[in-house]
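Asks: My structure is below; once you've seen it, I'll send some questions.
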Amino acid sequence: MIRFTKVSKQYPRGGPALEEVSFSLRRGEFAFLTGPSGAGKSTILKLVYVAERPTSGEVRVDGKSSVALSRRDIPQLRRRLGVVFQDFRLLEDRTAEQNVAFALEVTGAAPSQIGPKVARALTQVGLASKATALPHELSGGEQQRVAIARALVNDPLVLLADEPTGNLDERSTRSIFQLLRDINASGTAVLMATHDLTLVRDAGFRTIELNRGRLVFDSAADDPGAQG
Amino acid sequence: MRLAFREALRAFERAPMLSMLSVTTIAFSLFAFGLFGLVALNLRQALQQVEDRVEVRGFIAAGTAPEASSAAVDDVALFPEVAQVRLVTESQALERARRELREFTDVFEEGLLPASIEVRLKPGFHDPETVARVAKRLENYDFIDDVRYGEEWVRNLYRLRNIATGAGLALGITFALVSIIIIGSTIRMAVLARSREIVIMRLVGATDGFIRAPFLIEGAIKGTLGGLLALLLTWLAVQVSGRWVMQVQFFEAPLALLGIVAGAGIGLLGSAVSVGRHLRKV
Ligand SMILES: Nc1ncnc2c1ncn2[C@@H]1O[C@H](COP(=O)(O)OP(=O)(O)O)[C@@H](O)[C@H]1O
Ligand SMILES: [Mg+2]
């Protein structure tokens, strides 16, 4: 469903961010992207949601190739992806449910569907009781749950999480990670960038490790099935 | 679409001063167009009335043979610009003078007024160049002493009209450019104020058109308001003129509507040229 083939990325200013990276992620799979800061984790996620384009190589997402993808195709592709960040990226003047509804409103969803879908997403992340709270009235962990609900409300194929626990304390980190596992268990693929090695080690999920733009380890590499 | 309208209206709340400034400059732009347009319109009507009376008159030298002058009349009638030619004999001229200037009847004597050829031109051939050309051709007959037509009048009216049109265009375009610049900076502020939202919109898959729509709608609303304001100002100017200076004719409905549409157009254009540029920076 996501496939990188010899992908290199060079930002206009700066050295090579990725060099000849190849891997693929199947439907429903959970994988960590690890590596030190600056290794290229965020760049990989940006290439998936087409905030950046590869300098060479090919990125395929849901059958769409980065080589053939035009600017006009990007919004449709993004509607099938959910993205969350370390800094939550919520709108401060909107309540939790308004933040989640925003993703539906701006993609032309039928108004009658918005209410039920928002309620379902908030329930899924365990925040139904705080639907009318503003972001500053919520803890960091709760804010990240709102962001996850917003990412899930369009029923994405894959949830891309860029250091989702980077701003959270130990307890919140555990509970957000548990939520991501639950989401994965219900069928959504998850690609999570993190440098929290204890989290990675204990979970036992597939791990793709980067260093200075190169893929240095992929725990699924021995497993031929994971290469599809 | 409703969402886009709501966002567009919020932009007015966010920057009321700049929004009003945009509306006002668009209004001034169209007001300049409108005012000078009105001058041109009314001058054109005055010109038409004068032009309808434009007449080229060639005076025939005394002692010219009647055959020569009537041959000339037939000749001139064939000019493509000419609607009607009439030969006015000396006695007809005298009679007309006596009729028109009754109190001076005694002054006019036989032989005092020359015979003449009076030429009326077809509609559409009343501009100074054509009139002068016809006059020149009349002058070419050697028995024609002198040719008269209201040249100064016609020329001045035309010049006035051209000046009014030119000044209106120059002033109107200047204001239009200024309003486009002001709309551009309003949009920059609006884009900045909404940059977080725009980032998220892109992330969740809103189309460029969707993101752009509120800014374009905002521009069009400002333009329409500017157009209405300009119409009001122009109408007031006409009322003031009618009261203190002279009665002038106001635009007819289709032209007034065109003014409002032009306002919307300026607003839309102002937004369109800057929204893409500013969105790219977010
Ligand atoms: N927009 C950018 N312009 C220039 N260089 C960038 C940009 N984004 C990232 N980089 C560089 O690319 C490399 C990889 O960055 P990134 O993918 O953010 O790493 P990570 O997420 O693993 O910390 C780093 O050296 C970083 O400085
Ligand atoms: Mg990063």
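Letters for chains follow the order of the structure tokens (A, B, ...), residue numbers begin at 1 for each chain, and ligand numbers begin at 1 in the order shown.
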Looking only at strand (DSSP E or B) from DSSP on the backbone, list the matching residues of region 20-239 of chain B as an MDAnalysis selection string.

Replies: chainID B and resid 55:60 82:88 116:121 144:148

Asks: Name the residues, by chain letter and number, that sit within 8 Å of ligand 2 using only C-alpha atoms and all ligand atoms, and give them as a VMD selection string.

Replies: chain A and resid 37 to 38 40 to 43 162 to 163 193

Asks: Can you list, as a list in words, every protein, DNA or RNA residue that comes within 8 Å of Leu203 (chain B) when you count only C-alpha atoms, leaving out same-chain residues fewer than 3 positions away?

Replies: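 Within the cut-off, the hits are Tyr49, Arg78 and Val83 of chain A; Val199, Ile200 and Ala206 of chain B.
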
Asks: Between CA of Thr224 (chain B) and CA of Ala264 (chain B), what is the spacing in Å?

Replies: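 It comes out at 4.6 Å.
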
Asks: When you count only C-alpha atoms and all ligand atoms, which of these residues is closest to ligand 1: A:Tyr11, A:Phe23, A:Phe4, A:Phe88?

Replies: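 So, comparing all the options, the nearest one is A:Tyr11.
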
Asks: Nearest to ligand 1 among A:Ala68, A:Val190, A:Ile44, A:Ile176, with distances taken over only C-alpha atoms and all ligand atoms: which residue is it?

Replies: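 Closest residue, counting only C-alpha atoms and all ligand atoms: A:Ile44.
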
Asks: Choose the residue, out of A:Pro111, A:Gly187, A:Gly15, A:Gly57, that has the smallest atom-to-atom separation from chain B; count only C-alpha atoms.

Replies: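 For chain B, the nearest of the candidates is A:Pro111.
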
Asks: Using only C-alpha atoms and a cut-off of 6 Å, which residues of chain A sit close to chain B? Please list them as a list in words.

Replies: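 Residues passing the distance filter: Pro75, Arg78, Arg79, Ala103, Val106 and Thr107 of chain A.
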
Asks: Those same residues, written as a short mmCIF file (atom, residue, chain, number, x, y, z; two decimals), in the first residue's frame with C-alpha atoms?

Replies:
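Done, and the output landed in out_32.cif:
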```cif
data_model
loop_
_atom_site.label_atom_id
_atom_site.label_comp_id
_atom_site.auth_asym_id
_atom_site.auth_seq_id
_atom_site.Cartn_x
_atom_site.Cartn_y
_atom_site.Cartn_z
CA PRO A 75 -6.11 16.40 -1.92
CA ARG A 78 -4.63 12.96 1.55
CA ARG A 79 -8.27 12.23 2.33
CA ALA A 103 -11.54 17.81 8.55
CA VAL A 106 -13.29 21.31 4.37
CA THR A 107 -13.39 18.15 2.30
#
```

Asks: Quick one: everything within 7 Å of region 138-152 of chain B, counting only C-alpha atoms, minus sequence neighbours fewer than 4 positions away in the same chain. Send it as a list in words.

Replies: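 Here the qualifying residues turn out to be Val54, Glu55, Val56, Arg57, Gly58, Phe59, Ile60, Ala61, Thr64, Pro128, Val134 and Asn156 of chain B.
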
Asks: Fewer than 5 positions away in the same chain doesn't count, so skip those; otherwise give me all residues within 7 Å of Gly213 (chain A), counting only C-alpha atoms, as a PyMOL selection string.

Replies: chain A and resi 17-19+39-40

Asks: Mind dumping the selected residues with all heavy atoms as a PDB file, in the first residue's frame?

Replies:
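What ended up in selection-v1.pdb:
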```
ATOM      1  N   ALA A  17      18.787  14.291   2.459  1.00  0.00           N
ATOM      2  CA  ALA A  17      17.982  13.906   3.619  1.00  0.00           C
ATOM      3  C   ALA A  17      17.658  12.418   3.576  1.00  0.00           C
ATOM      4  O   ALA A  17      17.517  11.786   4.618  1.00  0.00           O
ATOM      5  CB  ALA A  17      16.703  14.726   3.680  1.00  0.00           C
ATOM      6  N   LEU A  18      17.527  11.860   2.372  1.00  0.00           N
ATOM      7  CA  LEU A  18      17.301  10.425   2.216  1.00  0.00           C
ATOM      8  C   LEU A  18      18.140   9.948   1.037  1.00  0.00           C
ATOM      9  O   LEU A  18      18.300  10.663   0.054  1.00  0.00           O
ATOM     10  CB  LEU A  18      15.821  10.122   1.900  1.00  0.00           C
ATOM     11  CG  LEU A  18      14.774  10.264   3.009  1.00  0.00           C
ATOM     12  CD1 LEU A  18      13.412   9.880   2.446  1.00  0.00           C
ATOM     13  CD2 LEU A  18      15.112   9.399   4.218  1.00  0.00           C
ATOM     14  N   GLU A  19      18.678   8.731   1.174  1.00  0.00           N
ATOM     15  CA  GLU A  19      19.447   8.176   0.068  1.00  0.00           C
ATOM     16  C   GLU A  19      19.017   6.754  -0.219  1.00  0.00           C
ATOM     17  O   GLU A  19      19.170   5.868   0.618  1.00  0.00           O
ATOM     18  CB  GLU A  19      20.948   8.234   0.397  1.00  0.00           C
ATOM     19  CG  GLU A  19      21.520   9.647   0.289  1.00  0.00           C
ATOM     20  CD  GLU A  19      23.023   9.649   0.527  1.00  0.00           C
ATOM     21  OE1 GLU A  19      23.764   9.408  -0.429  1.00  0.00           O
ATOM     22  OE2 GLU A  19      23.409   9.884   1.684  1.00  0.00           O
ATOM     23  N   ALA A  39      17.635  11.939  11.017  1.00  0.00           N
ATOM     24  CA  ALA A  39      17.890  10.738  10.233  1.00  0.00           C
ATOM     25  C   ALA A  39      17.048  10.680   8.953  1.00  0.00           C
ATOM     26  O   ALA A  39      17.416  10.001   8.000  1.00  0.00           O
ATOM     27  CB  ALA A  39      17.604   9.500  11.080  1.00  0.00           C
ATOM     28  N   GLY A  40      15.914  11.369   8.969  1.00  0.00           N
ATOM     29  CA  GLY A  40      15.068  11.363   7.769  1.00  0.00           C
ATOM     30  C   GLY A  40      13.677  10.809   7.993  1.00  0.00           C
ATOM     31  O   GLY A  40      12.930  10.587   7.033  1.00  0.00           O
TER      32      GLY A  40
END
```

Asks: Can you pull out every residue within 10 Å of Ser19 (chain B), counting only C-alpha atoms, but drop anything in the same chain fewer than 4 positions away, and send it as a tab-separated table (two decimals) with C-alpha atoms, in the first residue's frame?

Replies:
```tsv
chain	number	residue	atom	x	y	z
B	11	ALA	CA	-12.39	38.49	7.19
B	12	PHE	CA	-14.36	41.74	7.43
B	13	GLU	CA	-14.49	41.41	11.19
B	14	ARG	CA	-10.80	40.64	11.34
B	15	ALA	CA	-9.65	43.72	9.44
B	23	VAL	CA	-14.24	49.08	-0.60
B	24	THR	CA	-13.63	52.82	-0.66
B	182	ILE	CA	-4.87	47.23	-1.02
B	183	ILE	CA	-6.92	44.09	-1.53
B	186	THR	CA	-5.73	42.63	3.08
B	187	ILE	CA	-5.45	39.13	1.73
B	218	GLU	CA	-14.30	38.31	0.05
B	219	GLY	CA	-12.80	40.23	-2.86
B	222	LYS	CA	-15.84	44.18	-1.43
```

Asks: CA of Pro12 (chain A) and CA of Thr55 (chain A), how far apart in Å?

Replies: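 Between CA of Thr55 (chain A) and CA of Pro12 (chain A) the gap is 10.0 Å.
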
Asks: Please report the interatomic distance between CA of Leu33 (chain A) and CA of Leu104 (chain A) in Å with one decimal.

Replies: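 Between these atoms lies a distance of 28.5 Å.
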
Asks: Could you check the closest approach to ligand 1 for each of A:Lys130, A:Arg89, A:His136, A:Lys46 and tell me which residue wins, using only C-alpha atoms and all ligand atoms?

Replies: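 Smallest distance to ligand 1 is found for A:Lys46.
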
Asks: Per DSSP on the backbone, filter region 35-212 of chain A down to the residues in alpha helix (DSSP H) and report them as a PyMOL selection string.

Replies: chain A and resi 41-48+74-78+96-105+111-124+140-152+170-185+197-203
